[in-house]
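**Q** Here it is, the structure in full.
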Amino acid sequence: MKKLKTGLLVVMGVLSFTSCATFENEVEAPQEQLLQMYTLSRDTNGAYSINYNVADKTSATSHKNIGSKTNEIYLDKVGYREQKNYKNNFSLDDDKIKIRFVDNNTSGSTQITVEDENATFAKGANNNRFLKEYEVTGNADGTFQLDFEINEGIQSEFVYNKESSTYEIHLSKGDSTEKQFSRAIDIADDGVLKVDFVNHKYAGKGEATGPGRKPRIIIITD
């Protein structure tokens, strides 16, 4: 009888340990990231849009925050199937576009700010002549890709400015056989990614004139 009681205590102890271990695994399991990928684009006409993919059973709700002039996109986990691919078009507001993804499953967010000139009022401006189109893609694993195309008679130089932690694409007049470029870029340790297109009026000059650093893209993740 005594041996039977001892055996029961051992079994109960093992079950209790297994239950606790299972509970700890459940608690420590990371929450699913709902935003899988997004691509911010400016086309040849200067129009902006963002394409983004979300996890299964995720709802996406968009609205404009009038006070902060931010296009907010809220992502929520739901118990039913939803579409996975979305596209939103945006217009510059005071030469800026602000987009904020809010992941209510992880309490994380991604903020994108763009500074540019409205193509309607920038005919003949340096940035309109130099840069044809571009896009920045952010992936779920934290990697980023920059793709851009320049116009005829333009050359480009890719530089990383350590002092300001900014990726700079210097554009100036010149002969270049390559017009399309693709670069892998890394977000800084503080969760901020900065990309500037620097427009130079004269080839070889270090001073940017006209619109200068436009477009400018800042992405903040937390």
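Chain labels follow the order of the structure tokens: the first chain is A, the next B, and so on; residue numbering restarts at 1 in every chain, and ligands are counted from 1 in their shown order.
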Could you pull out the helix (DSSP H, G or I) residues of range 72-196 of chain A from DSSP and send them as a PDB file with all heavy atoms, in the first residue's frame?
**A**
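Result went into result.pdb, see below:
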ATOM      1  N   ALA A 119       3.845  66.250 -57.969  1.00  0.00           N
ATOM      2  CA  ALA A 119       4.258  66.212 -59.377  1.00  0.00           C
ATOM      3  C   ALA A 119       3.507  67.228 -60.223  1.00  0.00           C
ATOM      4  O   ALA A 119       4.020  67.740 -61.223  1.00  0.00           O
ATOM      5  CB  ALA A 119       4.047  64.811 -59.940  1.00  0.00           C
ATOM      6  N   THR A 120       2.283  67.585 -59.826  1.00  0.00           N
ATOM      7  CA  THR A 120       1.480  68.542 -60.581  1.00  0.00           C
ATOM      8  C   THR A 120       2.114  69.921 -60.590  1.00  0.00           C
ATOM      9  O   THR A 120       2.040  70.664 -61.568  1.00  0.00           O
ATOM     10  CB  THR A 120       0.068  68.649 -59.982  1.00  0.00           C
ATOM     11  OG1 THR A 120      -0.520  67.345 -59.946  1.00  0.00           O
ATOM     12  CG2 THR A 120      -0.807  69.572 -60.803  1.00  0.00           C
ATOM     13  N   PHE A 121       2.785  70.253 -59.453  1.00  0.00           N
ATOM     14  CA  PHE A 121       3.383  71.588 -59.332  1.00  0.00           C
ATOM     15  C   PHE A 121       4.898  71.566 -59.446  1.00  0.00           C
ATOM     16  O   PHE A 121       5.542  72.578 -59.238  1.00  0.00           O
ATOM     17  CB  PHE A 121       3.004  72.184 -57.974  1.00  0.00           C
ATOM     18  CG  PHE A 121       1.520  72.218 -57.732  1.00  0.00           C
ATOM     19  CD1 PHE A 121       0.923  71.330 -56.853  1.00  0.00           C
ATOM     20  CD2 PHE A 121       0.709  73.122 -58.409  1.00  0.00           C
ATOM     21  CE1 PHE A 121      -0.458  71.359 -56.641  1.00  0.00           C
ATOM     22  CE2 PHE A 121      -0.659  73.141 -58.208  1.00  0.00           C
ATOM     23  CZ  PHE A 121      -1.245  72.258 -57.320  1.00  0.00           C
ATOM     24  N   ASN A 126      14.179  69.553 -60.292  1.00  0.00           N
ATOM     25  CA  ASN A 126      15.309  68.644 -60.409  1.00  0.00           C
ATOM     26  C   ASN A 126      14.942  67.208 -60.077  1.00  0.00           C
ATOM     27  O   ASN A 126      15.340  66.271 -60.770  1.00  0.00           O
ATOM     28  CB  ASN A 126      16.453  69.106 -59.492  1.00  0.00           C
ATOM     29  CG  ASN A 126      17.100  70.373 -60.016  1.00  0.00           C
ATOM     30  OD1 ASN A 126      17.136  70.605 -61.209  1.00  0.00           O
ATOM     31  ND2 ASN A 126      17.592  71.205 -59.124  1.00  0.00           N
ATOM     32  N   ASN A 127      14.177  67.007 -58.990  1.00  0.00           N
ATOM     33  CA  ASN A 127      13.852  65.633 -58.594  1.00  0.00           C
ATOM     34  C   ASN A 127      12.919  64.973 -59.591  1.00  0.00           C
ATOM     35  O   ASN A 127      12.922  63.766 -59.767  1.00  0.00           O
ATOM     36  CB  ASN A 127      13.256  65.597 -57.192  1.00  0.00           C
ATOM     37  CG  ASN A 127      11.893  66.260 -57.128  1.00  0.00           C
ATOM     38  OD1 ASN A 127      11.671  67.291 -57.729  1.00  0.00           O
ATOM     39  ND2 ASN A 127      10.983  65.658 -56.377  1.00  0.00           N
ATOM     40  N   ASN A 128      12.093  65.751 -60.281  1.00  0.00           N
ATOM     41  CA  ASN A 128      11.168  65.195 -61.259  1.00  0.00           C
ATOM     42  C   ASN A 128      11.925  64.741 -62.511  1.00  0.00           C
ATOM     43  O   ASN A 128      11.557  63.775 -63.161  1.00  0.00           O
ATOM     44  CB  ASN A 128      10.112  66.230 -61.622  1.00  0.00           C
ATOM     45  CG  ASN A 128       8.944  65.614 -62.360  1.00  0.00           C
ATOM     46  OD1 ASN A 128       8.365  64.644 -61.898  1.00  0.00           O
ATOM     47  ND2 ASN A 128       8.608  66.178 -63.506  1.00  0.00           N
ATOM     48  N   ARG A 129      13.000  65.452 -62.882  1.00  0.00           N
ATOM     49  CA  ARG A 129      13.788  65.107 -64.063  1.00  0.00           C
ATOM     50  C   ARG A 129      14.748  63.964 -63.782  1.00  0.00           C
ATOM     51  O   ARG A 129      15.039  63.167 -64.638  1.00  0.00           O
ATOM     52  CB  ARG A 129      14.582  66.317 -64.543  1.00  0.00           C
ATOM     53  CG  ARG A 129      13.739  67.435 -65.131  1.00  0.00           C
ATOM     54  CD  ARG A 129      14.589  68.281 -66.059  1.00  0.00           C
ATOM     55  NE  ARG A 129      15.835  68.698 -65.434  1.00  0.00           N
ATOM     56  CZ  ARG A 129      16.018  69.871 -64.839  1.00  0.00           C
ATOM     57  NH1 ARG A 129      15.026  70.728 -64.758  1.00  0.00           N
ATOM     58  NH2 ARG A 129      17.197  70.193 -64.332  1.00  0.00           N
ATOM     59  N   PHE A 130      15.270  63.899 -62.581  1.00  0.00           N
ATOM     60  CA  PHE A 130      16.317  62.938 -62.261  1.00  0.00           C
ATOM     61  C   PHE A 130      15.756  61.550 -61.949  1.00  0.00           C
ATOM     62  O   PHE A 130      16.161  60.567 -62.525  1.00  0.00           O
ATOM     63  CB  PHE A 130      17.137  63.431 -61.067  1.00  0.00           C
ATOM     64  CG  PHE A 130      17.976  64.642 -61.365  1.00  0.00           C
ATOM     65  CD1 PHE A 130      18.711  65.247 -60.361  1.00  0.00           C
ATOM     66  CD2 PHE A 130      18.035  65.183 -62.640  1.00  0.00           C
ATOM     67  CE1 PHE A 130      19.496  66.357 -60.632  1.00  0.00           C
ATOM     68  CE2 PHE A 130      18.806  66.302 -62.924  1.00  0.00           C
ATOM     69  CZ  PHE A 130      19.547  66.886 -61.911  1.00  0.00           C
TER      70      PHE A 130
END
**Q** Find the nearest atom pair between each residue of range 29-119 of chain A and range 213-218 of chain A for residues within 7 Å, count only C-alpha atoms, give distances in Å to one decimal, sort rows by chain and ascending number, and present the table as a Markdown table.
**A**
| residue | atom | partner | partner_atom | distance |
| --- | --- | --- | --- | --- |
| A:Ile112 | CA | A:Ile218 | CA | 5.8 |
| A:Thr113 | CA | A:Ile218 | CA | 5.2 |
| A:Val114 | CA | A:Ile217 | CA | 4.7 |
| A:Glu115 | CA | A:Arg216 | CA | 5.0 |
| A:Asp116 | CA | A:Pro215 | CA | 4.6 |
**Q** Could you please write out, as a ChimeraX atom specification, every residue of range 18-135 of chain A that DSSP assigns to strand (DSSP E or B)?
**A** /A:35-42,48-54,58-65,70-77,85-90,96-103,108-115,131-135
**Q** Of the candidates A:Val159, A:Leu92, A:Ala140, A:Ala55, which one gets nearest to Thr110 in chain A if we count only C-alpha atoms?
**A**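 Closest to Thr110 in chain A, using only C-alpha atoms: A:Ala140.
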**Q** To one decimal place in Å, what is the distance between CA of Asn105 in chain A and CA of Ala184 in chain A?
**A** 28.0 Å
**Q** Do a neighbour search on Leu146 in chain A at 9 Å with only C-alpha atoms, toss out local chain neighbours closer than 4 positions, and write the hits as a list in words.
**A**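 Final neighbour list, sorted by chain and number: Tyr134, Glu135, Val136, Thr137, Phe181, Ser182, Arg183, Ala184 and Ile185 of chain A.
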**Q** For Lys201 in chain A, which residue among A:Leu131, A:Ile187, A:Leu171, A:Lys96 is the nearest when counting only C-alpha atoms?
**A**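 The answer is A:Leu171, which sits nearest to Lys201 in chain A.
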**Q** Kindly give the distance, in Å, that separates CA of Asn151 in chain A and CA of Asn118 in chain A, rounded to a single decimal.
**A**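 It comes out at 18.1 Å.
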**Q** Interatomic distance between CA of Asp93 in chain A and CA of Thr221 in chain A?
**A** 22.4 Å
**Q** When distances are computed from only C-alpha atoms, which of A:Asp147, A:Asp141, A:Asp76, A:Glu152 shows the smallest separation from Phe101 in chain A?
**A**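 Result for the nearest residue to Phe101 in chain A: A:Asp76.
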**Q** Find, counting only C-alpha atoms, the residue in A:Asn89, A:Ser62, A:Tyr74, A:Leu35 that gets nearest to Ile50 in chain A.
**A**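 Counting only C-alpha atoms, the residue closest to Ile50 in chain A is A:Asn89.
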**Q** Just checking: using only C-alpha atoms, which residue out of A:Val195, A:Phe144, A:Lys64, A:Glu133 ends up closest to Tyr160 in chain A?
**A**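 Checking each candidate against Tyr160 in chain A, we get A:Val195 as the closest.
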